[in-house]
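Trainee: What follows is start.txt, compact mmCIF, C-alpha atoms.
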```txt
# COMPACT_ATOMS: atom_id res chain seq x y z
CA MET A 29 -0.90 12.26 -38.20
CA SER A 30 2.65 11.09 -37.68
CA ARG A 31 5.63 13.28 -38.45
CA ALA A 32 6.80 10.73 -41.04
CA ARG A 33 3.44 10.78 -42.86
CA PHE A 34 3.37 14.59 -42.88
CA ASP A 35 6.93 14.70 -44.26
CA GLU A 36 5.81 12.27 -46.95
CA LEU A 37 2.95 14.60 -47.91
CA VAL A 38 5.38 17.52 -48.24
CA SER A 39 7.61 15.37 -50.44
CA ASP A 40 4.62 14.32 -52.54
CA ALA A 41 3.61 17.98 -52.94
CA LEU A 42 7.12 18.82 -54.12
CA ASP A 43 6.89 15.99 -56.65
CA THR A 44 3.85 17.65 -58.24
CA ILE A 45 5.81 20.80 -59.11
CA PRO A 46 6.65 20.76 -62.83
CA ARG A 47 10.22 19.63 -63.50
CA ARG A 48 11.13 22.82 -65.36
CA LEU A 49 10.24 24.83 -62.27
CA THR A 50 12.10 22.62 -59.82
CA ALA A 51 15.10 22.78 -62.15
CA ALA A 52 14.96 26.59 -61.92
CA MET A 53 14.89 26.60 -58.12
CA ASP A 54 18.28 27.61 -56.80
CA ASN A 55 19.85 27.46 -53.35
CA VAL A 56 16.67 26.62 -51.47
CA VAL A 57 15.78 23.97 -48.91
CA VAL A 58 12.33 22.79 -47.82
CA LEU A 59 11.89 21.99 -44.14
CA VAL A 60 9.10 20.87 -41.83
CA GLU A 61 8.83 22.30 -38.33
CA ASP A 62 6.09 21.94 -35.77
CA ARG A 63 5.06 25.59 -35.44
CA HIS A 64 6.40 29.10 -36.03
CA PRO A 65 7.48 30.45 -32.62
CA ASP A 66 6.07 33.97 -33.10
CA GLU A 67 3.10 33.26 -35.38
CA PRO A 68 1.67 29.89 -34.32
CA GLU A 69 -1.10 29.95 -36.96
CA LEU A 70 1.36 30.39 -39.85
CA LEU A 71 1.17 27.46 -42.28
CA GLY A 72 4.34 28.14 -44.25
CA LEU A 73 7.15 30.64 -44.60
CA TYR A 74 9.66 31.56 -47.29
CA GLU A 75 12.86 33.19 -46.05
CA GLY A 76 15.54 34.26 -48.47
CA VAL A 77 16.24 36.26 -51.58
CA ALA A 78 13.72 35.58 -54.34
CA LEU A 79 15.17 34.62 -57.70
CA THR A 80 13.82 37.84 -59.19
CA ASP A 81 15.73 39.91 -56.59
CA ARG A 82 19.11 38.25 -56.99
CA THR A 83 21.83 40.26 -58.62
CA SER A 84 25.23 39.37 -60.03
CA ASP A 85 26.79 39.72 -56.57
CA TYR A 86 24.48 37.09 -55.06
CA GLY A 87 26.60 34.25 -53.71
CA GLY A 88 28.17 32.74 -50.67
CA VAL A 89 24.88 32.79 -48.76
CA LEU A 90 23.04 30.10 -46.88
CA PRO A 91 20.17 28.49 -48.78
CA ASP A 92 16.76 30.10 -48.81
CA ARG A 93 14.35 28.30 -46.49
CA ILE A 94 10.83 27.17 -47.16
CA THR A 95 9.31 25.94 -43.92
CA ILE A 96 5.99 24.11 -43.67
CA PHE A 97 4.51 24.21 -40.16
CA ARG A 98 3.02 20.81 -39.39
CA ASP A 99 0.96 21.61 -36.28
CA ALA A 100 -0.59 24.73 -37.82
CA VAL A 101 -1.67 22.76 -40.89
CA LEU A 102 -3.05 19.95 -38.76
CA ASP A 103 -4.96 22.47 -36.61
CA ILE A 104 -7.06 23.63 -39.58
CA CYS A 105 -7.68 20.24 -41.17
CA ALA A 106 -10.23 17.65 -40.07
CA THR A 107 -9.29 14.83 -42.46
CA GLU A 108 -6.19 13.47 -44.14
CA ASP A 109 -7.59 14.59 -47.51
CA GLU A 110 -7.75 18.14 -46.18
CA VAL A 111 -4.14 17.86 -44.96
CA VAL A 112 -3.02 16.62 -48.38
CA HIS A 113 -4.73 19.58 -50.05
CA GLU A 114 -3.45 22.18 -47.57
CA VAL A 115 0.12 20.90 -47.73
CA ALA A 116 0.04 21.05 -51.54
CA VAL A 117 -1.35 24.60 -51.54
CA THR A 118 1.16 25.75 -48.90
CA VAL A 119 4.14 24.22 -50.72
CA VAL A 120 3.13 25.84 -54.02
CA HIS A 121 2.52 29.16 -52.24
CA GLU A 122 5.97 29.23 -50.65
CA ILE A 123 7.75 28.08 -53.82
CA ALA A 124 5.99 30.90 -55.64
CA HIS A 125 7.63 33.35 -53.22
CA HIS A 126 11.01 31.85 -54.16
CA PHE A 127 10.16 32.82 -57.75
CA GLY A 128 9.27 36.35 -56.67
CA ILE A 129 5.48 36.12 -56.72
CA ASP A 130 3.97 38.35 -54.03
CA GLU A 131 1.05 37.67 -51.66
CA HIS A 132 -1.41 39.82 -53.60
CA THR A 133 -0.77 38.00 -56.86
CA LEU A 134 -0.97 34.60 -55.15
CA HIS A 135 -4.35 35.48 -53.69
CA GLU A 136 -5.59 36.66 -57.08
CA LEU A 137 -4.49 33.33 -58.57
CA GLY A 138 -6.26 31.33 -55.84
CA TRP A 139 -3.09 30.22 -54.05
CA GLY A 140 -3.51 32.53 -51.05
```
If you convert what's in this file into structure tokens, what do you get?

Mentor:
Amino acid sequence: MSRARFDELVSDALDTIPRRLTAAMDNVVVLVEDRHPDEPELLGLYEGVALTDRTSDYGGVLPDRITIFRDAVLDICATEDEVVHEVAVTVVHEIAHHFGIDEHTLHELGWG
């Protein structure tokens, strides 16, 4: 799958997030990289300060980062339909971290 097509799938996944949630997202950027350098099987990663952990002195910081790792996703998918599904799940999973939802809760909700 081309880089452009994969980027399009990430964009499409972001478009499925309800507008009231995307409006609540603050100071966050979504990126696509080939692979995490230390954990090559990692599908996605949220780095930053979750909205639930921000205090009144939060400010002047670089945006939080949500990174989707293209090669890791492609490694576990056999078809484009599987890639579409895995990208959507990974995007939702990482956005949930931005909102302060932990791994345990995500797994309980089926977004693990």

Trainee: Can you tell me which residues surround Leu79 in chain A at a distance of at most 12 Å, considering all atoms listed in the file, apart from same-chain residues fewer than 4 positions away, and format the answer as a PDB file with C-alpha atoms, in the frame of the given file?

Mentor:
```
ATOM      1  CA  LEU A  49      10.240  24.830 -62.270  1.00  0.00           C
ATOM      2  CA  ALA A  52      14.960  26.590 -61.920  1.00  0.00           C
ATOM      3  CA  MET A  53      14.890  26.600 -58.120  1.00  0.00           C
ATOM      4  CA  ASP A  54      18.280  27.610 -56.800  1.00  0.00           C
ATOM      5  CA  ASN A  55      19.850  27.460 -53.350  1.00  0.00           C
ATOM      6  CA  VAL A  56      16.670  26.620 -51.470  1.00  0.00           C
ATOM      7  CA  GLU A  75      12.860  33.190 -46.050  1.00  0.00           C
ATOM      8  CA  THR A  83      21.830  40.260 -58.620  1.00  0.00           C
ATOM      9  CA  SER A  84      25.230  39.370 -60.030  1.00  0.00           C
ATOM     10  CA  TYR A  86      24.480  37.090 -55.060  1.00  0.00           C
ATOM     11  CA  PRO A  91      20.170  28.490 -48.780  1.00  0.00           C
ATOM     12  CA  ASP A  92      16.760  30.100 -48.810  1.00  0.00           C
ATOM     13  CA  ILE A 123       7.750  28.080 -53.820  1.00  0.00           C
ATOM     14  CA  ALA A 124       5.990  30.900 -55.640  1.00  0.00           C
ATOM     15  CA  HIS A 125       7.630  33.350 -53.220  1.00  0.00           C
ATOM     16  CA  HIS A 126      11.010  31.850 -54.160  1.00  0.00           C
ATOM     17  CA  PHE A 127      10.160  32.820 -57.750  1.00  0.00           C
ATOM     18  CA  GLY A 128       9.270  36.350 -56.670  1.00  0.00           C
ATOM     19  CA  ILE A 129       5.480  36.120 -56.720  1.00  0.00           C
TER      20      ILE A 129
END
```

Trainee: In Å, with one decimal, what is the gap from CA of Leu71 in chain A to CA of His113 in chain A?

Mentor: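 Going from CA of Leu71 in chain A over to CA of His113 in chain A, I get 12.5 Å.
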
Trainee: In Å to one decimal, how far is CA of Met29 in chain A from CA of Thr107 in chain A?

Mentor: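 Atom-to-atom, CA of Thr107 in chain A and CA of Met29 in chain A are spaced 9.8 Å apart.
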
Trainee: So what do you get for CA of Gly138 in chain A versus CA of Val120 in chain A, distance-wise?

Mentor: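 Interatomic distance, CA of Gly138 in chain A to CA of Val120 in chain A: 11.0 Å.
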
Trainee: Within 12 Å of Leu70 in chain A, counting all atoms listed in the file, which residues show up once you throw out same-chain ones fewer than 5 positions away? Write them as a PyMOL selection string, please.

Mentor: chain A and resi 61-65+95-104+118+122
